Amino acid sequence: MTHWWSSNPATAGSMLTLMIFNIPPSWPVFVLDDSEDRLSWFRQRVGNFQFAKTSTAAIDALSRQTFKVVFLDHDLHWMDAGFPNRQHGNGKEVARYLASHEFAGIVVIHSRSEQSAVMARILPQAKVCPFGDFDIAESAAR
């Protein structure tokens, strides 16, 4: 089986292993994140992507289009960091939406929040890889 992700051999044996996600340019990608810096980073690496900064906008987009890959952040509002058990208006709400609709694509939880573990329990097929610990490369379609 060929994985769509791999470890960077240049970091092998070091404390840091950089995960490389290989995404074909034709794959539609969705990103949930409220940080303009992070969205700019995704724009530099992914040509065919849409994004949302709120859970409501994310659920709307995910209900209208089929995506092959979804990247999820958790903290979308200052209250998420201060009140981590909130269930709405954050990445957990979008994770529950994807789970209830049996999303068949690839999910990467890129949140640096401790709530990423909660999101991973909601979406056990998701890959948890905090932002900054991965890169994205274009690859041939499979």
# chains A, B, ... in the order shown; residues from 1 in each chain; ligands from 1
$ closest_atom_pairs --of "segment 20-125 of chain A" --to "segment 131-138 of chain A" --cutoff "9 Å" --atoms "only C-alpha atoms" --output "CSV"
residue,atom,partner,partner_atom,distance
A:Ile20,CA,A:Asp135,CA,4.9
A:Phe21,CA,A:Ile136,CA,4.7
A:Asn22,CA,A:Ala137,CA,4.9
A:Ile23,CA,A:Glu138,CA,5.1
A:Pro24,CA,A:Glu138,CA,5.2
A:Pro25,CA,A:Glu138,CA,6.1
A:Arg38,CA,A:Phe131,CA,8.3
A:Phe42,CA,A:Ile136,CA,8.3
A:Arg45,CA,A:Ile136,CA,6.1
A:Val46,CA,A:Ile136,CA,7.6
A:Asp73,CA,A:Phe131,CA,8.7
A:Ile109,CA,A:Phe131,CA,8.7
A:His110,CA,A:Phe131,CA,5.0
A:Ser111,CA,A:Phe131,CA,6.3
A:Arg112,CA,A:Phe131,CA,6.5
$ select_by_dssp --residues "segment 18-125 of chain A" --states "helix (DSSP H, G or I)" --output "ChimeraX atom specification"
/A:36-45,55-64,78-82,91-100,116-122
$ residues_around --residues "Val70 of chain A" --least-positions-apart "4" --cutoff "6 Å" --atoms "only C-alpha atoms" --output "PyMOL selection string"
chain A and resi 29-31+107
$ residues_around --residues "Arg96 of chain A" --least-positions-apart "5" --cutoff "9 Å" --atoms "only C-alpha atoms" --output "list in words"
Gly91, His101, Met119, Ile122 and Leu123 of chain A
$ residues_around --residues "His88 of chain A" --least-positions-apart "5" --cutoff "12 Å" --atoms "only C-alpha atoms" --output "ChimeraX atom specification"
/A:54-56,59,74-77,79-80,83,93-97
$ atom_distance --atom1 "atom CA of Ala117 of chain A" --atom2 "atom CA of Arg64 of chain A"
27.3 Å
$ closest_residue --among "A:Val118, A:Cys129, A:Leu62, A:Leu18" --to "Gly105 of chain A" --atoms "only C-alpha atoms"
A:Leu62
$ closest_residue --among "A:Pro124, A:Phe51, A:Ser116, A:Met19" --to "Glu102 of chain A" --atoms "only C-alpha atoms"
A:Pro124
$ closest_residue --among "A:Leu32, A:Ala99, A:Val128, A:Ala120" --to "Gln50 of chain A" --atoms "only C-alpha atoms"
A:Leu32
